[in-house]
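Source file data16.cif; content: mmCIF, C-alpha atoms.
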```cif
data_upload
loop_
_atom_site.label_atom_id
_atom_site.label_comp_id
_atom_site.auth_asym_id
_atom_site.auth_seq_id
_atom_site.Cartn_x
_atom_site.Cartn_y
_atom_site.Cartn_z
CA MET A 1 -3.46 -92.99 96.37
CA ALA A 2 -6.08 -91.69 93.93
CA GLU A 3 -9.70 -92.62 94.47
CA PRO A 4 -11.00 -95.27 92.03
CA ARG A 5 -13.01 -93.82 89.19
CA ILE A 6 -16.79 -93.98 89.27
CA ARG A 7 -17.91 -96.78 86.98
CA ILE A 8 -20.90 -95.67 84.90
CA GLN A 9 -23.34 -97.49 82.64
CA VAL A 10 -25.21 -95.30 80.13
CA VAL A 11 -28.66 -96.60 79.13
CA GLU A 12 -30.47 -94.63 76.41
CA ASP A 13 -32.30 -95.79 73.30
CA ASP A 14 -31.45 -92.65 71.31
CA SER A 15 -28.03 -93.53 69.89
CA VAL A 16 -27.03 -89.89 69.31
CA LEU A 17 -27.90 -88.85 72.85
CA ARG A 18 -26.27 -91.97 74.29
CA ARG A 19 -23.02 -91.23 72.45
CA THR A 20 -23.16 -87.56 73.47
CA LEU A 21 -23.63 -88.46 77.12
CA THR A 22 -20.80 -90.97 76.96
CA GLU A 23 -18.41 -88.46 75.43
CA LEU A 24 -19.37 -85.81 77.99
CA LEU A 25 -18.85 -88.18 80.90
CA ARG A 26 -15.43 -89.14 79.62
CA LEU A 27 -14.35 -85.52 80.04
CA GLU A 28 -14.45 -86.03 83.81
CA ALA A 29 -11.24 -87.55 85.15
CA ASP A 30 -13.01 -89.47 87.92
CA PHE A 31 -15.61 -91.08 85.60
CA LEU A 32 -15.24 -94.33 83.66
CA VAL A 33 -17.97 -95.41 81.26
CA VAL A 34 -17.96 -99.19 81.42
CA SER A 35 -21.08 -100.02 79.40
CA GLU A 36 -23.68 -98.60 77.02
CA ALA A 37 -27.13 -100.09 76.45
CA SER A 38 -30.04 -99.19 74.20
CA ASN A 39 -32.87 -100.92 76.10
CA GLY A 40 -33.77 -102.20 79.55
CA GLU A 41 -33.11 -105.87 78.86
CA GLN A 42 -29.60 -105.14 77.63
CA ALA A 43 -28.99 -102.83 80.57
CA VAL A 44 -29.88 -105.50 83.13
CA ALA A 45 -27.82 -108.20 81.40
CA GLU A 46 -24.71 -106.03 81.05
CA ALA A 47 -25.01 -104.59 84.55
CA MET A 48 -24.63 -108.12 85.92
CA ILE A 49 -21.33 -108.37 84.04
CA VAL A 50 -19.73 -104.93 84.44
CA ARG A 51 -21.25 -104.18 87.89
CA PRO A 52 -21.38 -100.38 87.56
CA ASP A 53 -21.40 -97.97 90.47
CA ILE A 54 -23.92 -95.73 88.70
CA VAL A 55 -26.47 -96.43 85.98
CA LEU A 56 -27.70 -93.46 83.97
CA MET A 57 -31.10 -94.82 82.96
CA ASP A 58 -33.55 -93.60 80.34
CA ILE A 59 -37.22 -94.19 81.19
CA GLN A 60 -38.97 -94.79 77.88
CA MET A 61 -37.22 -97.61 75.98
CA PRO A 62 -38.20 -100.63 73.86
CA ARG A 63 -38.23 -104.24 75.11
CA MET A 64 -38.05 -103.19 78.76
CA ASP A 65 -38.56 -99.69 80.12
CA GLY A 66 -36.20 -97.98 82.52
CA ILE A 67 -38.47 -98.37 85.52
CA GLU A 68 -38.57 -102.16 85.29
CA ALA A 69 -34.86 -102.26 84.48
CA THR A 70 -34.16 -100.14 87.57
CA ARG A 71 -36.20 -102.49 89.74
CA ARG A 72 -34.31 -105.54 88.47
CA ILE A 73 -30.88 -103.97 88.75
CA ARG A 74 -31.55 -102.79 92.29
CA GLU A 75 -32.76 -106.26 93.27
CA LYS A 76 -29.68 -107.98 91.86
CA LEU A 77 -27.07 -105.27 92.46
CA PRO A 78 -28.19 -103.24 95.49
CA GLU A 79 -24.78 -101.55 95.58
CA ALA A 80 -25.43 -99.99 92.16
CA HIS A 81 -27.26 -96.66 92.21
CA VAL A 82 -29.57 -95.60 89.40
CA VAL A 83 -29.89 -92.04 88.14
CA MET A 84 -32.90 -91.55 85.87
CA LEU A 85 -32.60 -89.54 82.66
CA THR A 86 -35.89 -87.66 82.41
CA LYS A 87 -37.50 -85.03 80.27
CA PHE A 88 -39.34 -82.05 81.66
CA GLY A 89 -42.97 -82.86 82.39
CA ASP A 90 -42.43 -86.62 82.81
CA ASP A 91 -43.61 -86.41 86.42
CA GLU A 92 -45.62 -89.61 86.55
CA ASN A 93 -42.69 -91.75 85.44
CA VAL A 94 -40.34 -89.98 87.84
CA PHE A 95 -42.46 -91.08 90.79
CA ALA A 96 -42.70 -94.62 89.47
CA ALA A 97 -38.90 -94.62 89.23
CA ILE A 98 -38.64 -93.49 92.84
CA LYS A 99 -40.69 -96.50 93.90
CA ALA A 100 -38.48 -98.75 91.76
CA GLY A 101 -35.39 -97.63 93.66
CA ALA A 102 -33.89 -94.80 91.61
CA LEU A 103 -31.75 -92.41 93.64
CA GLY A 104 -31.09 -89.47 91.33
CA TYR A 105 -32.97 -87.69 88.58
CA VAL A 106 -31.49 -85.43 85.93
CA LEU A 107 -32.99 -83.84 82.85
CA LYS A 108 -31.67 -85.13 79.53
CA ASP A 109 -30.72 -81.64 78.38
CA ALA A 110 -28.80 -80.79 81.56
CA GLY A 111 -25.21 -79.63 81.23
CA LEU A 112 -22.19 -81.71 82.17
CA ASP A 113 -21.74 -79.91 85.51
CA GLU A 114 -25.28 -80.82 86.57
CA ILE A 115 -25.02 -84.43 85.40
CA ALA A 116 -21.66 -84.83 87.11
CA ARG A 117 -23.01 -83.42 90.37
CA VAL A 118 -25.92 -85.87 90.41
CA VAL A 119 -23.64 -88.81 89.55
CA ARG A 120 -21.14 -87.96 92.30
CA ASN A 121 -23.93 -87.50 94.85
CA ALA A 122 -25.41 -90.85 93.84
CA LYS A 123 -22.03 -92.55 94.30
CA LYS A 124 -22.11 -91.33 97.91
CA GLY A 125 -25.65 -92.64 98.27
CA ASP A 126 -27.20 -89.18 98.27
CA GLY A 127 -30.35 -88.54 96.25
CA SER A 128 -30.39 -85.61 93.85
CA LEU A 129 -32.84 -83.79 91.66
CA SER A 130 -32.17 -81.38 88.86
CA PRO A 131 -33.22 -77.92 90.09
CA ALA A 132 -35.86 -77.75 87.34
CA LEU A 133 -37.55 -80.85 88.81
CA VAL A 134 -37.51 -79.91 92.50
CA ALA A 135 -40.63 -77.74 92.55
CA ARG A 136 -42.64 -80.23 90.48
CA VAL A 137 -41.61 -83.17 92.66
CA MET A 138 -42.37 -81.32 95.88
CA ALA A 139 -45.78 -80.31 94.54
CA GLU A 140 -46.59 -83.90 93.60
CA PHE A 141 -45.46 -85.27 96.96
CA ASN A 142 -47.62 -82.67 98.68
CA ARG A 143 -50.58 -83.75 96.55
CA LEU A 144 -49.98 -87.40 97.40
CA SER A 145 -49.60 -86.56 101.09
CA GLN A 146 -52.90 -84.67 101.12
CA SER A 147 -54.58 -87.54 99.28
CA ALA A 148 -53.23 -90.06 101.79
CA LEU A 149 -54.46 -87.92 104.69
CA HIS A 150 -57.90 -87.70 103.10
CA ASN A 151 -58.00 -91.47 102.59
CA ARG A 152 -56.97 -92.15 106.18
CA LYS A 153 -59.89 -90.05 107.39
CA LEU A 154 -62.24 -92.01 105.14
CA PHE A 155 -60.84 -95.37 106.29
CA ALA A 156 -61.36 -94.36 109.92
CA GLU A 157 -65.11 -94.40 109.24
CA LEU A 158 -65.08 -98.05 108.15
CA SER A 159 -65.93 -100.83 110.55
CA ARG A 160 -63.57 -103.77 111.00
CA ARG A 161 -65.81 -105.94 108.85
CA GLU A 162 -66.00 -103.28 106.14
CA VAL A 163 -62.21 -103.14 106.04
CA GLU A 164 -62.14 -106.91 105.52
CA VAL A 165 -64.66 -106.59 102.69
CA LEU A 166 -62.64 -103.74 101.16
CA GLU A 167 -59.53 -105.92 101.22
CA CYS A 168 -61.44 -108.52 99.23
CA ILE A 169 -62.67 -105.88 96.77
CA ALA A 170 -59.08 -104.69 96.32
CA ALA A 171 -58.15 -108.30 95.53
CA GLY A 172 -60.75 -108.35 92.76
CA MET A 173 -63.17 -110.69 94.52
CA LYS A 174 -66.90 -110.72 93.70
CA ASN A 175 -69.63 -110.70 96.35
CA ALA A 176 -70.16 -114.47 96.27
CA ALA A 177 -66.46 -115.15 96.83
CA ILE A 178 -66.32 -112.55 99.60
CA ALA A 179 -69.31 -114.16 101.27
CA ASP A 180 -67.61 -117.58 101.21
CA LYS A 181 -64.35 -116.20 102.52
CA LEU A 182 -65.84 -114.19 105.36
CA PHE A 183 -68.67 -116.64 106.17
CA LEU A 184 -71.35 -114.07 105.38
CA SER A 185 -74.46 -114.10 103.23
CA GLU A 186 -74.27 -112.38 99.86
CA LYS A 187 -77.00 -110.00 101.04
CA THR A 188 -74.83 -108.94 103.99
CA VAL A 189 -71.80 -108.51 101.74
CA LYS A 190 -73.85 -106.39 99.34
CA SER A 191 -74.90 -104.20 102.26
CA HIS A 192 -71.28 -103.79 103.39
CA VAL A 193 -70.20 -102.93 99.84
CA GLY A 194 -72.86 -100.23 99.59
CA SER A 195 -71.77 -98.79 102.93
CA ILE A 196 -68.12 -98.82 101.84
CA PHE A 197 -68.94 -96.96 98.61
CA LYS A 198 -70.80 -94.31 100.59
CA LYS A 199 -68.09 -93.84 103.23
CA LEU A 200 -65.23 -93.78 100.70
CA GLN A 201 -67.21 -91.49 98.40
CA VAL A 202 -66.76 -93.77 95.38
CA ASN A 203 -69.15 -95.01 92.71
CA ASP A 204 -67.99 -98.55 91.98
CA ARG A 205 -65.62 -101.39 92.89
CA THR A 206 -62.84 -100.09 90.66
CA GLU A 207 -62.77 -96.72 92.39
CA ALA A 208 -62.94 -98.43 95.79
CA ALA A 209 -59.96 -100.63 94.85
CA VAL A 210 -57.96 -97.58 93.76
CA VAL A 211 -58.66 -95.75 97.03
CA ALA A 212 -57.79 -98.93 98.95
CA LYS A 213 -54.48 -99.24 97.14
CA GLU A 214 -53.62 -95.59 97.78
CA GLY A 215 -54.35 -96.21 101.44
CA GLY A 216 -52.10 -99.25 101.63
CA ILE A 217 -54.82 -101.89 101.33
CA THR A 218 -53.61 -104.12 98.50
CA GLY A 219 -55.96 -107.05 98.74
CA ALA A 220 -56.63 -110.12 100.82
#
```
In structure tokens, what does this structure look like?
Amino acid sequence: MAEPRIRIQVVEDDSVLRRTLTELLRLEADFLVVSEASNGEQAVAEAMIVRPDIVLMDIQMPRMDGIEATRRIREKLPEAHVVMLTKFGDDENVFAAIKAGALGYVLKDAGLDEIARVVRNAKKGDGSLSPALVARVMAEFNRLSQSALHNRKLFAELSRREVEVLECIAAGMKNAAIADKLFLSEKTVKSHVGSIFKKLQVNDRTEAAVVAKEGGITGA
């Protein structure tokens, strides 16, 4: 018995590119395009109906971008895998898509063989990157890894109380609110904040909150 065809949803706001991708995919005997969408909202709504195996998802779209659409589809249809359609140099969005649950990434100008390979790998639950993206992604992950290591060293210098104050800063709390929460005087909180800035090598609360977030401290 023949294997069931891979059910694919194509999401792309450029109508010409969307039609081209659809026609290319239909050349593969084991592919079945079950839906086309021009924005994230439409993609999420139709995915709930057609329940695709694979979603080929553009990133930059009106009404709802591909990253948010990916997050919603993965929450509601965890069995559906999302392959992001990216353009060269769109590194920042690629990493946001990874966090949203995307499994594969292919350049928009890739050939049918490359697109088909990524789609088939995604159907098996295997992540894939277009060769042109591999070096850039590895470089970015290395940068993030080095940044995380640096932040961990900085956090190790903080006292337990300073970590608590930093959590409050990350939550957007002012000194008076922090003092109430931690049963401290505002003068003591101000002293802790100054010490935190010095140890984390930052200039203000915004920078401290960013470093906290990168280090996994998201707020009290």
- Task: Please identify all polymer residues within 8 Å of Met61 of chain A, counting all atoms listed in the file, omitting same-chain residues fewer than 6 positions from it, and present them as a list in words.
- Result: Glu12, Asp13, Ser38, Asn39 and Gly40 of chain A
- Query: What does the distance between atom CA of Met57 of chain A and atom CA of Ser35 of chain A come to in Å, to one decimal place?
  - Reply: 11.8 Å
- Spatial neighbours of segment 100-114 of chain A, max dist 10 Å, all atoms listed in the file, sep filter under 4 positions, as an MDAnalysis selection string: chainID A and resid 17 21 24:25 27:28 54:58 66:75 78 80:88 90 94:96 118:119 121:123 125:134
- Query: What gap, in Å, lies between atom CA of Gly194 of chain A and atom CA of Lys213 of chain A?
  - Reply: 18.6 Å
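The nearest approach to Glu162 of chain A among the residues A:Ala177, A:Val10, A:Ile196, A:Ile49, with all atoms listed in the file taken into account, belongs to A:Ile196.
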- Query: Taking into account all atoms listed in the file, which residue in the set A:Met64, A:Ala37, A:Ala156, A:Ala171 is nearest to Leu200 of chain A?
  - Reply: A:Ala156
Missing atoms in segment 75-101 of chain A: fill them in up to N, CA, C and O atoms and send the result as a tab-separated table (two decimals), in the coordinates of the input.
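File produced: result.tsv:
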```tsv
chain	number	residue	atom	x	y	z
A	75	GLU	N	-32.56	-104.99	92.58
A	75	GLU	CA	-32.76	-106.26	93.27
A	75	GLU	C	-31.50	-107.12	93.22
A	75	GLU	O	-31.13	-107.77	94.20
A	76	LYS	N	-30.84	-107.12	92.05
A	76	LYS	CA	-29.68	-107.98	91.86
A	76	LYS	C	-28.36	-107.32	92.25
A	76	LYS	O	-27.42	-108.01	92.65
A	77	LEU	N	-28.30	-106.00	92.12
A	77	LEU	CA	-27.07	-105.27	92.46
A	77	LEU	C	-27.43	-104.09	93.36
A	77	LEU	O	-27.42	-102.93	92.93
A	78	PRO	N	-27.77	-104.34	94.61
A	78	PRO	CA	-28.19	-103.24	95.49
A	78	PRO	C	-27.11	-102.18	95.71
A	78	PRO	O	-27.41	-101.06	96.11
A	79	GLU	N	-25.85	-102.53	95.42
A	79	GLU	CA	-24.78	-101.55	95.58
A	79	GLU	C	-24.72	-100.57	94.41
A	79	GLU	O	-24.05	-99.53	94.50
A	80	ALA	N	-25.40	-100.88	93.32
A	80	ALA	CA	-25.43	-99.99	92.16
A	80	ALA	C	-26.56	-98.98	92.33
A	80	ALA	O	-27.68	-99.34	92.68
A	81	HIS	N	-26.26	-97.71	92.09
A	81	HIS	CA	-27.26	-96.66	92.21
A	81	HIS	C	-27.71	-96.22	90.83
A	81	HIS	O	-26.90	-96.11	89.91
A	82	VAL	N	-29.00	-95.96	90.70
A	82	VAL	CA	-29.57	-95.60	89.40
A	82	VAL	C	-29.96	-94.13	89.39
A	82	VAL	O	-30.65	-93.65	90.31
A	83	VAL	N	-29.51	-93.43	88.37
A	83	VAL	CA	-29.89	-92.04	88.14
A	83	VAL	C	-30.75	-92.02	86.88
A	83	VAL	O	-30.31	-92.45	85.81
A	84	MET	N	-31.97	-91.55	87.01
A	84	MET	CA	-32.90	-91.55	85.87
A	84	MET	C	-32.65	-90.34	84.97
A	84	MET	O	-32.46	-89.23	85.45
A	85	LEU	N	-32.65	-90.60	83.66
A	85	LEU	CA	-32.60	-89.54	82.66
A	85	LEU	C	-34.04	-89.21	82.30
A	85	LEU	O	-34.76	-90.06	81.76
A	86	THR	N	-34.49	-88.02	82.63
A	86	THR	CA	-35.89	-87.66	82.41
A	86	THR	C	-36.01	-86.44	81.52
A	86	THR	O	-35.04	-85.71	81.30
A	87	LYS	N	-37.21	-86.25	81.01
A	87	LYS	CA	-37.50	-85.03	80.27
A	87	LYS	C	-38.51	-84.22	81.06
A	87	LYS	O	-39.30	-84.77	81.83
A	88	PHE	N	-38.48	-82.93	80.89
A	88	PHE	CA	-39.34	-82.05	81.66
A	88	PHE	C	-40.81	-82.41	81.42
A	88	PHE	O	-41.24	-82.61	80.29
A	89	GLY	N	-41.56	-82.53	82.51
A	89	GLY	CA	-42.97	-82.86	82.39
A	89	GLY	C	-43.27	-84.34	82.54
A	89	GLY	O	-44.43	-84.74	82.53
A	90	ASP	N	-42.23	-85.17	82.71
A	90	ASP	CA	-42.43	-86.62	82.81
A	90	ASP	C	-42.63	-87.02	84.27
A	90	ASP	O	-42.07	-88.00	84.74
A	91	ASP	N	-43.45	-86.25	84.98
A	91	ASP	CA	-43.61	-86.41	86.42
A	91	ASP	C	-44.06	-87.81	86.83
A	91	ASP	O	-43.51	-88.40	87.76
A	92	GLU	N	-45.06	-88.32	86.16
A	92	GLU	CA	-45.62	-89.61	86.55
A	92	GLU	C	-44.56	-90.71	86.55
A	92	GLU	O	-44.48	-91.52	87.49
A	93	ASN	N	-43.73	-90.73	85.51
A	93	ASN	CA	-42.69	-91.75	85.44
A	93	ASN	C	-41.60	-91.52	86.47
A	93	ASN	O	-40.99	-92.48	86.96
A	94	VAL	N	-41.35	-90.27	86.81
A	94	VAL	CA	-40.34	-89.98	87.84
A	94	VAL	C	-40.74	-90.62	89.16
A	94	VAL	O	-39.92	-91.23	89.85
A	95	PHE	N	-42.02	-90.52	89.52
A	95	PHE	CA	-42.46	-91.08	90.79
A	95	PHE	C	-42.48	-92.60	90.76
A	95	PHE	O	-42.20	-93.26	91.76
A	96	ALA	N	-42.77	-93.17	89.60
A	96	ALA	CA	-42.70	-94.62	89.47
A	96	ALA	C	-41.26	-95.08	89.63
A	96	ALA	O	-40.98	-96.13	90.22
A	97	ALA	N	-40.32	-94.29	89.11
A	97	ALA	CA	-38.90	-94.62	89.23
A	97	ALA	C	-38.44	-94.55	90.68
A	97	ALA	O	-37.62	-95.36	91.13
A	98	ILE	N	-38.97	-93.59	91.42
A	98	ILE	CA	-38.64	-93.49	92.84
A	98	ILE	C	-39.02	-94.78	93.56
A	98	ILE	O	-38.25	-95.34	94.33
A	99	LYS	N	-40.23	-95.26	93.27
A	99	LYS	CA	-40.69	-96.50	93.90
A	99	LYS	C	-39.84	-97.69	93.47
A	99	LYS	O	-39.69	-98.66	94.22
A	100	ALA	N	-39.29	-97.64	92.27
A	100	ALA	CA	-38.48	-98.75	91.76
A	100	ALA	C	-37.08	-98.75	92.35
A	100	ALA	O	-36.35	-99.73	92.21
A	101	GLY	N	-36.70	-97.66	93.00
A	101	GLY	CA	-35.39	-97.63	93.66
A	101	GLY	C	-34.39	-96.65	93.09
A	101	GLY	O	-33.22	-96.65	93.49
```
